[in-house]
Structure formats: C-alpha cells, structure tokens
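Text of my_file_17.txt (compact mmCIF, C-alpha atoms and all ligand atoms) as supplied:
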# COMPACT_ATOMS: atom_id res chain seq x y z
CA MET A 1 -41.15 72.93 -82.64
CA LEU A 2 -38.11 72.73 -80.36
CA VAL A 3 -36.67 69.24 -80.48
CA MET A 4 -36.95 68.63 -76.72
CA GLN A 5 -40.71 69.36 -76.85
CA HIS A 6 -41.40 66.06 -78.64
CA PRO A 7 -43.19 63.85 -76.09
CA VAL A 8 -41.14 60.77 -77.01
CA PHE A 9 -38.27 62.05 -74.84
CA ARG A 10 -40.50 61.58 -71.77
CA ARG A 11 -40.31 57.84 -72.46
CA PHE A 12 -36.63 57.36 -71.52
CA TRP A 13 -34.81 56.94 -68.21
CA TYR A 14 -32.56 59.75 -66.97
CA PRO A 15 -30.30 59.97 -63.90
CA THR A 16 -31.47 62.82 -61.68
CA ILE A 17 -30.13 63.03 -58.11
CA ALA A 18 -27.37 61.02 -56.38
CA LEU A 19 -28.83 58.59 -53.83
CA SER A 20 -26.19 59.81 -51.37
CA SER A 21 -27.66 63.36 -51.56
CA LEU A 22 -31.20 62.05 -50.91
CA ARG A 23 -30.06 60.49 -47.62
CA ASP A 24 -30.19 64.03 -46.16
CA GLY A 25 -33.88 64.46 -47.09
CA PRO A 26 -36.21 65.20 -50.04
CA LEU A 27 -34.88 67.25 -52.94
CA PRO A 28 -36.45 68.89 -56.02
CA PHE A 29 -35.53 68.11 -59.62
CA THR A 30 -37.01 69.42 -62.87
CA LEU A 31 -37.07 66.86 -65.72
CA LEU A 32 -38.30 68.06 -69.15
CA GLY A 33 -40.15 70.89 -67.44
CA GLN A 34 -41.89 68.56 -64.96
CA LYS A 35 -41.19 69.58 -61.36
CA LEU A 36 -40.48 66.56 -59.15
CA VAL A 37 -39.62 65.80 -55.54
CA LEU A 38 -37.38 62.81 -54.86
CA TRP A 39 -36.90 61.05 -51.53
CA LEU A 40 -35.87 57.67 -50.07
CA ASP A 41 -38.36 55.21 -48.56
CA ALA A 42 -37.72 53.15 -45.40
CA ALA A 43 -35.70 50.60 -47.42
CA GLY A 44 -33.54 53.34 -48.99
CA ALA A 45 -35.21 53.01 -52.41
CA PRO A 46 -35.86 56.25 -54.31
CA VAL A 47 -39.40 57.58 -54.76
CA ALA A 48 -40.41 60.40 -57.13
CA PHE A 49 -43.64 62.45 -57.04
CA HIS A 50 -44.83 65.50 -58.93
CA ASP A 51 -43.69 68.37 -56.73
CA LYS A 52 -47.21 69.35 -55.74
CA CYS A 53 -49.16 68.43 -52.62
CA PRO A 54 -52.69 67.19 -53.48
CA HIS A 55 -54.06 69.13 -50.47
CA ARG A 56 -53.25 72.78 -51.29
CA GLY A 57 -50.68 72.47 -54.04
CA VAL A 58 -47.51 73.62 -52.26
CA ALA A 59 -44.21 72.16 -53.45
CA LEU A 60 -43.61 68.89 -51.62
CA SER A 61 -39.87 69.57 -51.81
CA VAL A 62 -40.06 72.64 -49.55
CA ASP A 63 -39.78 72.13 -45.79
CA SER A 64 -40.87 68.49 -46.17
CA LYS A 65 -39.37 65.55 -44.26
CA VAL A 66 -39.33 61.79 -44.47
CA VAL A 67 -41.04 60.52 -41.30
CA ASP A 68 -41.44 56.76 -40.74
CA GLY A 69 -40.89 55.98 -44.43
CA ALA A 70 -43.47 58.52 -45.68
CA LEU A 71 -43.05 62.04 -47.07
CA ARG A 72 -44.48 64.71 -44.73
CA CYS A 73 -45.67 67.89 -46.45
CA GLY A 74 -44.22 71.11 -45.07
CA TYR A 75 -47.57 72.97 -45.04
CA HIS A 76 -50.07 70.92 -42.96
CA GLY A 77 -48.05 67.80 -42.25
CA TRP A 78 -50.01 65.26 -44.32
CA ARG A 79 -47.87 62.21 -44.97
CA PHE A 80 -47.67 60.28 -48.23
CA GLY A 81 -46.37 56.70 -48.56
CA PRO A 82 -44.17 55.52 -51.47
CA THR A 83 -47.24 54.73 -53.62
CA GLY A 84 -48.46 58.32 -53.19
CA GLN A 85 -51.30 57.27 -50.86
CA VAL A 86 -52.09 59.58 -47.91
CA VAL A 87 -51.12 57.69 -44.73
CA GLU A 88 -51.73 60.42 -42.14
CA ILE A 89 -53.71 63.64 -41.76
CA PRO A 90 -52.46 64.92 -38.38
CA GLN A 91 -55.50 67.21 -37.92
CA GLN A 92 -57.78 64.13 -38.02
CA PRO A 93 -56.10 61.84 -35.47
CA GLY A 94 -57.35 58.30 -35.31
CA GLN A 95 -59.31 58.67 -38.54
CA SER A 96 -58.49 56.20 -41.33
CA THR A 97 -56.94 57.61 -44.51
CA ALA A 98 -57.31 54.29 -46.35
CA GLY A 99 -60.08 55.46 -48.68
CA HIS A 100 -58.59 58.88 -49.37
CA ARG A 101 -58.91 59.48 -53.09
CA ARG A 102 -56.38 62.25 -53.55
CA CYS A 103 -52.80 60.93 -53.77
CA ALA A 104 -49.43 62.42 -54.54
CA THR A 105 -48.66 61.72 -58.24
CA LYS A 106 -46.00 59.02 -58.44
CA VAL A 107 -43.49 58.83 -61.28
CA ASN A 108 -41.35 55.81 -62.43
CA VAL A 109 -38.03 55.73 -60.61
CA GLN A 110 -35.26 53.18 -60.02
CA ALA A 111 -31.80 53.19 -58.46
CA ARG A 112 -28.76 52.48 -60.68
CA TYR A 113 -25.07 53.47 -60.61
CA GLY A 114 -25.62 55.52 -57.42
CA TYR A 115 -28.40 57.66 -58.95
CA ALA A 116 -32.19 57.85 -58.92
CA TRP A 117 -33.24 57.33 -62.57
CA VAL A 118 -36.63 58.73 -63.58
CA CYS A 119 -38.89 58.07 -66.58
CA LEU A 120 -41.94 60.35 -66.91
CA ASP A 121 -43.99 58.04 -69.13
CA GLU A 122 -44.14 54.42 -70.36
CA PRO A 123 -40.43 53.50 -70.90
CA LEU A 124 -39.36 52.78 -74.50
CA ALA A 125 -35.96 51.37 -73.45
CA GLY A 126 -34.15 50.25 -70.33
CA ILE A 127 -31.42 52.08 -68.41
CA PRO A 128 -28.17 51.72 -70.44
CA ASN A 129 -25.97 48.82 -69.33
CA LEU A 130 -22.55 50.29 -68.66
CA ASP A 131 -19.45 48.10 -68.90
CA HIS A 132 -17.52 47.33 -65.70
CA ALA A 133 -20.30 48.53 -63.32
CA ALA A 134 -20.52 45.11 -61.67
CA ASP A 135 -16.83 44.17 -62.05
CA PRO A 136 -14.93 44.15 -58.72
CA ALA A 137 -11.67 44.85 -60.59
CA PHE A 138 -13.04 48.34 -61.32
CA ARG A 139 -13.74 51.29 -59.05
CA GLN A 140 -16.30 54.02 -59.69
CA VAL A 141 -15.07 57.61 -59.38
CA PHE A 142 -17.72 60.37 -59.26
CA GLU A 143 -16.55 63.42 -61.20
CA PHE A 144 -19.27 66.09 -61.30
CA ASP A 145 -22.99 66.78 -61.25
CA GLU A 146 -24.02 70.30 -62.30
CA PRO A 147 -26.44 72.24 -64.55
CA TRP A 148 -25.25 73.36 -67.99
CA ASN A 149 -27.11 75.81 -70.22
CA VAL A 150 -27.12 73.71 -73.38
CA ASN A 151 -29.45 71.45 -75.36
CA MET A 152 -29.10 67.76 -74.44
CA PHE A 153 -28.26 66.70 -78.00
CA ARG A 154 -25.36 69.15 -78.22
CA ILE A 155 -23.75 67.15 -75.39
CA ILE A 156 -24.28 63.85 -77.20
CA GLU A 157 -23.10 65.29 -80.51
CA ASN A 158 -20.00 66.61 -78.72
CA ALA A 159 -19.23 63.14 -77.35
CA LEU A 160 -19.42 61.80 -80.93
CA ASP A 161 -17.13 64.58 -82.23
CA ILE A 162 -13.41 64.03 -81.71
CA ALA A 163 -12.46 66.64 -84.31
CA HIS A 164 -12.88 69.37 -81.68
CA VAL A 165 -10.22 67.91 -79.36
CA SER A 166 -7.24 69.71 -80.94
CA TYR A 167 -8.84 73.14 -80.53
CA VAL A 168 -11.05 72.95 -77.44
CA HIS A 169 -8.79 70.80 -75.29
CA GLY A 170 -5.46 72.58 -75.73
CA GLY A 171 -5.30 73.05 -71.94
CA THR A 172 -5.57 69.32 -71.25
CA PHE A 173 -4.99 66.57 -73.84
CA GLY A 174 -5.26 68.19 -77.29
CA THR A 175 -2.90 70.27 -79.40
CA GLU A 176 -3.53 72.59 -82.32
CA THR A 177 -0.35 71.36 -83.97
CA LYS A 178 -2.00 67.98 -84.62
CA PRO A 179 -5.64 68.28 -85.72
CA VAL A 180 -7.35 64.97 -84.93
CA TYR A 181 -8.04 63.14 -88.15
CA THR A 182 -8.39 59.43 -87.71
CA ARG A 183 -10.31 56.52 -89.14
CA LEU A 184 -13.64 55.94 -87.40
CA GLU A 185 -14.89 52.38 -87.24
CA MET A 186 -18.63 53.01 -86.90
CA ILE A 187 -20.84 51.21 -84.38
CA ASP A 188 -24.46 51.30 -85.52
CA GLU A 189 -26.46 48.92 -83.29
CA PRO A 190 -30.17 49.11 -82.45
CA GLU A 191 -29.46 50.51 -78.95
CA THR A 192 -26.14 52.25 -79.46
CA LEU A 193 -24.47 54.59 -81.92
CA GLY A 194 -20.77 55.40 -81.89
CA PHE A 195 -17.36 54.38 -83.20
CA ARG A 196 -13.95 52.99 -82.37
CA CYS A 197 -10.76 54.91 -83.13
CA ASN A 198 -7.15 55.39 -82.01
CA PHE A 199 -5.51 58.75 -81.65
CA GLY A 200 -2.49 60.41 -80.11
CA VAL A 201 -2.99 62.79 -77.20
CA VAL A 202 -0.89 65.17 -75.14
CA ASN A 203 -0.12 63.79 -71.66
CA PRO A 204 0.57 66.71 -69.27
CA PRO A 205 2.38 66.18 -65.92
CA ASP A 206 -0.76 65.82 -63.73
CA GLN A 207 -2.28 63.33 -66.15
CA GLN A 208 1.05 61.38 -66.32
CA LYS A 209 0.54 60.63 -62.63
CA ASN A 210 -3.15 59.74 -63.11
CA LEU A 211 -2.30 57.34 -65.96
CA GLY A 212 0.99 55.95 -64.67
CA ILE A 213 2.56 56.89 -68.04
CA ALA A 214 5.72 59.03 -67.77
CA ALA A 215 5.71 60.48 -71.29
CA GLY A 216 4.55 63.80 -72.74
CA GLU A 217 2.38 62.04 -75.32
CA THR A 218 0.44 58.81 -75.43
CA VAL A 219 -2.15 56.99 -77.53
CA ARG A 220 -5.79 56.38 -76.70
CA ARG A 221 -7.63 53.35 -77.97
CA GLN A 222 -11.23 54.58 -77.74
CA ARG A 223 -14.71 53.23 -78.13
CA ILE A 224 -17.36 55.92 -77.97
CA LEU A 225 -20.97 54.80 -77.51
CA THR A 226 -24.16 56.79 -77.12
CA TRP A 227 -27.57 55.57 -76.03
CA MET A 228 -30.72 57.46 -76.96
CA PRO A 229 -31.23 60.08 -75.81
CA GLY A 230 -28.81 61.41 -73.17
CA THR A 231 -26.13 58.84 -72.23
CA PHE A 232 -22.59 58.45 -73.58
CA ASN A 233 -19.59 56.30 -72.75
CA ILE A 234 -16.02 57.10 -73.77
CA HIS A 235 -14.13 53.89 -73.12
CA ILE A 236 -10.39 54.58 -73.22
CA THR A 237 -7.64 51.95 -73.07
CA TYR A 238 -4.07 53.24 -72.63
CA PRO A 239 -0.92 51.39 -73.79
CA ASN A 240 -0.16 50.24 -70.21
CA GLY A 241 -3.56 48.47 -69.96
CA LEU A 242 -5.25 51.17 -67.86
CA ILE A 243 -8.94 51.50 -68.69
CA HIS A 244 -10.61 54.86 -68.06
CA SER A 245 -14.28 54.49 -68.98
CA ILE A 246 -16.10 57.82 -68.86
CA CYS A 247 -19.87 57.53 -68.29
CA GLY A 248 -21.51 60.83 -69.12
CA PHE A 249 -25.14 61.90 -68.86
CA ALA A 250 -27.10 64.90 -70.03
CA THR A 251 -30.45 64.91 -68.23
CA PRO A 252 -32.83 67.41 -69.85
CA ILE A 253 -34.18 69.99 -67.42
CA SER A 254 -35.67 72.09 -70.24
CA ASP A 255 -35.14 72.77 -73.97
CA SER A 256 -31.85 74.45 -73.28
CA GLN A 257 -30.62 73.21 -69.90
CA VAL A 258 -29.30 69.85 -68.73
CA GLN A 259 -27.94 68.34 -65.56
CA ARG A 260 -24.46 67.11 -66.55
CA ILE A 261 -23.53 64.08 -64.50
CA GLN A 262 -20.32 62.13 -64.94
CA PHE A 263 -18.44 59.25 -63.32
CA VAL A 264 -15.74 56.88 -64.53
CA PHE A 265 -14.92 53.21 -64.06
CA ARG A 266 -11.18 52.44 -63.75
CA ASN A 267 -9.20 49.23 -63.27
CA ASP A 268 -6.65 50.84 -60.92
CA SER A 269 -6.70 51.78 -57.25
CA GLU A 270 -6.79 54.86 -55.05
CA ALA A 271 -3.09 54.25 -54.31
CA ASP A 272 -2.30 54.34 -58.07
CA ALA A 273 -4.23 57.58 -58.67
CA PRO A 274 -6.34 59.38 -56.03
CA ALA A 275 -9.97 59.75 -57.15
CA GLU A 276 -9.76 63.48 -56.43
CA ASN A 277 -6.94 63.91 -59.00
CA VAL A 278 -8.64 61.72 -61.61
CA ALA A 279 -11.85 63.76 -61.26
CA ALA A 280 -9.98 67.08 -61.28
CA PHE A 281 -8.42 66.36 -64.71
CA ASP A 282 -11.73 65.30 -66.29
CA ARG A 283 -13.47 68.33 -64.77
CA ARG A 284 -10.91 70.57 -66.50
CA VAL A 285 -11.60 68.76 -69.80
CA GLN A 286 -15.35 69.21 -69.44
CA ALA A 287 -15.02 72.87 -68.44
CA GLU A 288 -13.28 73.37 -71.80
CA ASP A 289 -16.29 71.85 -73.59
CA LYS A 290 -18.83 73.75 -71.48
CA ARG A 291 -17.39 77.17 -72.39
CA LEU A 292 -18.14 76.60 -76.07
CA LEU A 293 -21.28 74.47 -75.86
CA GLU A 294 -23.06 77.07 -73.75
CA THR A 295 -22.67 79.64 -76.55
CA MET A 296 -24.94 77.58 -78.87
CA GLU A 297 -28.63 78.33 -79.45
CA ALA A 298 -31.29 76.43 -77.49
CA ASP A 299 -32.57 74.13 -80.24
CA PHE A 300 -30.85 71.22 -81.98
CA PRO A 301 -31.48 71.41 -85.74
CA LEU A 302 -32.47 68.05 -87.20
CA SER A 303 -31.86 68.98 -90.82
CA PRO A 304 -28.23 68.35 -91.85
CA HIS A 305 -28.46 71.37 -94.17
CA ALA A 306 -29.19 73.71 -91.27
CA GLU A 307 -25.43 73.68 -90.53
CA ALA A 308 -22.24 72.96 -92.47
CA GLN A 309 -20.80 69.43 -92.30
CA MET A 310 -17.48 67.62 -92.81
CA ALA A 311 -16.52 63.95 -93.17
CA MET A 312 -15.67 63.60 -89.46
CA ASP A 313 -19.28 64.61 -88.63
CA ARG A 314 -20.66 61.29 -89.82
CA ALA A 315 -21.71 60.12 -86.35
CA GLY A 316 -23.48 63.44 -85.71
CA LEU A 317 -25.45 63.00 -88.94
CA MET A 318 -26.38 59.45 -87.94
CA LEU A 319 -27.57 60.85 -84.59
CA ARG A 320 -29.90 63.25 -86.46
CA GLN A 321 -31.15 60.40 -88.61
CA ARG A 322 -32.03 58.37 -85.52
CA LEU A 323 -33.75 61.34 -83.92
CA VAL A 324 -35.93 61.99 -86.97
CA LYS A 325 -36.92 58.31 -87.10
CA LEU A 326 -37.69 58.19 -83.39
CA ILE A 327 -39.81 61.34 -83.49
CA LEU A 328 -41.75 60.25 -86.59
CA ALA A 329 -42.38 56.79 -85.11
CA HIS A 330 -43.67 58.00 -81.76
CA ASP A 331 -44.98 61.54 -82.02
CA PRO A 332 -48.80 61.61 -81.89
CA ASN A 333 -48.56 64.54 -84.32
CA ALA A 334 -46.15 62.82 -86.72
CA ASP A 335 -47.89 64.35 -89.74
CA LEU A 336 -47.32 67.85 -88.40
CA VAL A 337 -43.68 66.99 -87.66
CA ARG A 338 -43.26 65.65 -91.19
CA ALA A 339 -44.80 68.83 -92.59
CA GLU A 340 -42.47 70.96 -90.48
CA LEU A 341 -39.42 68.99 -91.64
CA GLU A 342 -40.57 69.30 -95.27
CA ARG A 343 -40.85 73.05 -94.81
CA ASP A 344 -37.23 73.01 -93.62
CA GLY A 345 -36.21 71.81 -97.07
CA ASP A 346 -36.88 68.08 -96.81
CA THR A 347 -33.26 67.28 -96.03
CA ALA A 348 -33.90 65.78 -92.59
CA LEU A 349 -36.59 63.54 -94.10
CA ARG A 350 -34.30 62.50 -96.91
CA LEU A 351 -31.87 61.18 -94.26
CA VAL A 352 -34.58 58.79 -93.15
CA ASP A 353 -35.84 57.91 -96.60
CA VAL A 354 -32.33 57.09 -97.80
CA ALA A 355 -31.84 54.83 -94.77
CA ALA A 356 -35.21 53.11 -95.19
S1 LIG A 401 -50.66 71.58 -48.64
FE1 LIG A 401 -49.71 69.71 -48.18
S2 LIG A 401 -50.64 69.09 -46.36
FE2 LIG A 401 -51.66 70.91 -46.84
FE FE A 402 -14.59 67.75 -75.60

Just dump the structure as structure tokens.
Ligand code: FES
Ligand SMILES: [Fe+2]
Amino acid sequence: MLVMQHPVFRRFWYPTIALSSLRDGPLPFTLLGQKLVLWLDAAGAPVAFHDKCPHRGVALSVDSKVVDGALRCGYHGWRFGPTGQVVEIPQQPGQSTAGHRRCATKVNVQARYGYAWVCLDEPLAGIPNLDHAADPAFRQVFEFDEPWNVNMFRIIENALDIAHVSYVHGGTFGTETKPVYTRLEMIDEPETLGFRCNFGVVNPPDQQKNLGIAAGETVRRQRILTWMPGTFNIHITYPNGLIHSICGFATPISDSQVQRIQFVFRNDSEADAPAENVAAFDRRVQAEDKRLLETMEADFPLSPHAEAQMAMDRAGLMLRQRLVKLILAHDPNADLVRAELERDGDTALRLVDVAA
C-alpha cells in the first residue's frame, strides 16, 4: 500500500490556496485525491466544498461565482450558502429552499498565515503554531506556491537532511569542498521532530545584501522542526542577529504530487532587504532541491532497510518510526498494515518495538 493511501493523513490540516487568490473568485484544489472548490464567504472567511454540485454533478469550481455570500453553480445557477445549504433555485422563484435535502458537501477549513487550511476528516492535531507569526517585529515574505511531482514525506525528509547541502546547493549556499558534518542536537517532542545545529555556509554576493553580511562565508545557527505530516520550519539565526525563519509546507495532492508552499518570517525591513530579493534567493535554493527530489519514485518506504543509511540520517529514521506508529495506531486495517510491514522484513516494525 502506498504510504499516502493510509486514511490517517486525511486527519491533518494542510494549507491549500492563498486567501488573496480566493478574493478573485472560487478556485479548485485537489487534496489527497479529493477534488475541492474553495471560496470566500461574505465575511471573507474561506469555505471548502467537494467540487461537485448536488444537482447534476458538475464541478462547482467551473464558471461559478460568489453572489451575495453564496456560491452560484455555473450550470443552472443554484446558490449554496457557507454551510452547503441551497439558498436559491433561480428556476423556482419565490419558492422556499429551506427544506431542501441535497446540500453541497462541506469540508473543514480555517484561515491561518494567509492560507485556507483544509482537513478532510476529524482533525487529530491543530494547525502548527509557527514562531514569530504574531510578532510585529517580524514581517512575512511569501516565496512560492507551486506543484512538485514528489511524495510529501520526501520533502519533510529533505528538510531534516542537512548532509545534502554541500552537493545539491553548490549554486547557492553549499560547497563540495566542505561536506556538512555537524553535531545534531535532536528535538523529539510529541508534536515536533527535528534538531538544532550550527554550520558554515557560503554567502554569495546577492545573499550578502539580503543578510547584511559582507563576507563570502558565514555561520548559520539553525533549528529545524517538522510537524506531522507536511510542515517544516528552518529557523536560522545569523551572527548579526538576523532571523530568517523558513516555513515550508508540502500539501499532498496525490501519492506523488504536492503543492509546495513557502514563506519566511524575518526581523528586518523592506529597506534592509527587498522581499523580492529574499524570495528570489530561497526560490533558487528550492529549485536545486526540486531537480533531485522529482527523480525519486512515488512511494516513501517505511522500512529503514529499504534504503541505505548513514549516521546523519538519524532524523529521517525517527520520521519513519513516527509514521509507522501513527499508521498502526489509526489505520482501521492496522493488522493488514502490520502484515505488510512484516512481509517487508520486519525492520520497520522493529523500529517501533525498540522504541516502545
Ligand atoms: S448542476 Fe449545479 S445547478 Fe445544476
Ligand atoms: Fe535542500
């Protein structure tokens, strides 16, 4: 079974569409294979429905409009209020729709950090609390929002893997001449998994301006955190006190595709470093990751013996351990999952048993 098929992943919140994009009208989004339409109600709050009109089944995201705080279907013009209830059937003027039994299917949604966050089932956890979001000393810089052809957990594993920096990021902040090998101070909390570390990085001319550090090399004090299943935060403090806190999201569209969303919180100003330049550097960094990550196969193997490992992969192994535990605890077919893992050589299960 492909890892993303486990129903437990429907029980988490994911950022989908920027609220600013929804101001222009309803938009479609596919989350874990479920087609949705998102729109804003009269108060500007996001609403999410299954992307299917209960009248004839057309996509509610096509040729629809928000009229008087209700979503108007593009086919026959029925309107649906934020609860999904039919509020108007234009072909039956003056007739009450109050008792109409067929509704649009509403899905959990809430606004946070400028995005509409959706959870397809009963939530197991809240939306991650990101440092600095409510701090007026920090600004939020939006960096990118685009589909990548990669499994969600490869993105999270990549955030927990600093060993790749020297090779993948030679065009930005890494260098092959100094493979990253540094002590990781692990963070293993109920809600978060990650580590703290310090390491030297290359500081090219464009980044020197973004950081206000006029030197060809500098040091990052980093705290990397991940929240199950698709959120990460790379919190970087530079020697001059600048904080660059990368908030990254991999929202699963399917087994092998995610919407990659990223913004940063920084304690400097537009005059210090224009947002456009800050975003441009991080986009170059992420494009370096994307090239390699998109070459990987669709699934994310849970068994540590499915792939080779090294000492610096410790956080990635802990991620697998958490995934196995989560799936076994919540999958209605946990026995089948256990049998499948046993068939794979028992090594994924041993990760859990050792931890228990
Ligand atoms: S299909 Fe939506 S109103 Fe008819
Ligand atoms: Fe990277």

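Remark: for ligand FE 402 (chain A), the closest of the candidate residues A:Ala298, A:Ile224, A:Ala287, A:Leu211 is A:Ala287 (distances computed over only C-alpha atoms and all ligand atoms).
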
- Task: Enumerate residues in contact with ligand LIG 401 (chain A): an atom-to-atom distance of at most 12 Å, counting all atoms listed in the file. Format the result as a ChimeraX atom specification.
- Result: /A:51-65,71-80,86-91,102-104

Kindly save the residues from that selection, with C-alpha atoms included, as a compact mmCIF listing (two decimals), keeping the file's coordinate frame.
# COMPACT_ATOMS: atom_id res chain seq x y z
CA ASP A 51 -43.69 68.37 -56.73
CA LYS A 52 -47.21 69.35 -55.74
CA CYS A 53 -49.16 68.43 -52.62
CA PRO A 54 -52.69 67.19 -53.48
CA HIS A 55 -54.06 69.13 -50.47
CA ARG A 56 -53.25 72.78 -51.29
CA GLY A 57 -50.68 72.47 -54.04
CA VAL A 58 -47.51 73.62 -52.26
CA ALA A 59 -44.21 72.16 -53.45
CA LEU A 60 -43.61 68.89 -51.62
CA SER A 61 -39.87 69.57 -51.81
CA VAL A 62 -40.06 72.64 -49.55
CA ASP A 63 -39.78 72.13 -45.79
CA SER A 64 -40.87 68.49 -46.17
CA LYS A 65 -39.37 65.55 -44.26
CA LEU A 71 -43.05 62.04 -47.07
CA ARG A 72 -44.48 64.71 -44.73
CA CYS A 73 -45.67 67.89 -46.45
CA GLY A 74 -44.22 71.11 -45.07
CA TYR A 75 -47.57 72.97 -45.04
CA HIS A 76 -50.07 70.92 -42.96
CA GLY A 77 -48.05 67.80 -42.25
CA TRP A 78 -50.01 65.26 -44.32
CA ARG A 79 -47.87 62.21 -44.97
CA PHE A 80 -47.67 60.28 -48.23
CA VAL A 86 -52.09 59.58 -47.91
CA VAL A 87 -51.12 57.69 -44.73
CA GLU A 88 -51.73 60.42 -42.14
CA ILE A 89 -53.71 63.64 -41.76
CA PRO A 90 -52.46 64.92 -38.38
CA GLN A 91 -55.50 67.21 -37.92
CA ARG A 102 -56.38 62.25 -53.55
CA CYS A 103 -52.80 60.93 -53.77
CA ALA A 104 -49.43 62.42 -54.54

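If all atoms listed in the file are the atoms counted, then among A:Ala45, A:Ile234, A:Met296, A:Leu242 the closest residue to Ser269 of chain A is A:Leu242.
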
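The closest residue to ligand FE 402 (chain A), picked from A:Ala215, A:Leu193, A:Ile155, A:Ala271 and counting only C-alpha atoms and all ligand atoms, is A:Ile155.
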
- Message: As a quick test: using all atoms listed in the file, which residues lie no more than 7 Å away from ligand FE 402 (chain A)? Give them as JSON, numbers by chain.
- Response: {"A": [158, 159, 164, 165, 168, 169, 285, 286, 288, 289]}

- Item | Distance query Met186 of chain A at most 12 Å, all atoms listed in the file, self and fewer than 3 positions along chain excluded, as a ChimeraX atom specification | /A:160,183,189,192-197,222-226,312-316,318

Sorted by chain and rising residue number, which residues of segment 254-348 of chain A lie within 8 Å of segment 7-18 of chain A, and what are their closest atom pairs and distances in Å to one decimal, counting only C-alpha atoms, as JSON lines?
{"residue": "A:Gln259", "atom": "CA", "partner": "A:Thr16", "partner_atom": "CA", "distance": 7.6}
{"residue": "A:Ile261", "atom": "CA", "partner": "A:Pro15", "partner_atom": "CA", "distance": 7.9}
{"residue": "A:Leu326", "atom": "CA", "partner": "A:Val8", "partner_atom": "CA", "distance": 7.7}
{"residue": "A:Ile327", "atom": "CA", "partner": "A:Val8", "partner_atom": "CA", "distance": 6.6}
{"residue": "A:His330", "atom": "CA", "partner": "A:Val8", "partner_atom": "CA", "distance": 6.1}
{"residue": "A:Asp331", "atom": "CA", "partner": "A:Val8", "partner_atom": "CA", "distance": 6.4}

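Going from atom CA of His50 of chain A to atom CA of Phe142 of chain A covers 27.6 Å.
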
Kindly list the centre and edge lengths in Å, rounded to one decimal, for the axis-aligned box that covers all listed atoms of segment 155-169 of chain A plus 5 Å on each of its six sides, as JSON.
{"center_x": -15.8, "center_y": 67.5, "center_z": -79.8, "size_x": 27.0, "size_y": 21.3, "size_z": 19.0}

- Message: Measuring between all atoms listed in the file, which one of A:Val278, A:Leu184, A:Met228, A:Ile162 shows the shortest distance to Leu124 of chain A?
- Response: A:Met228
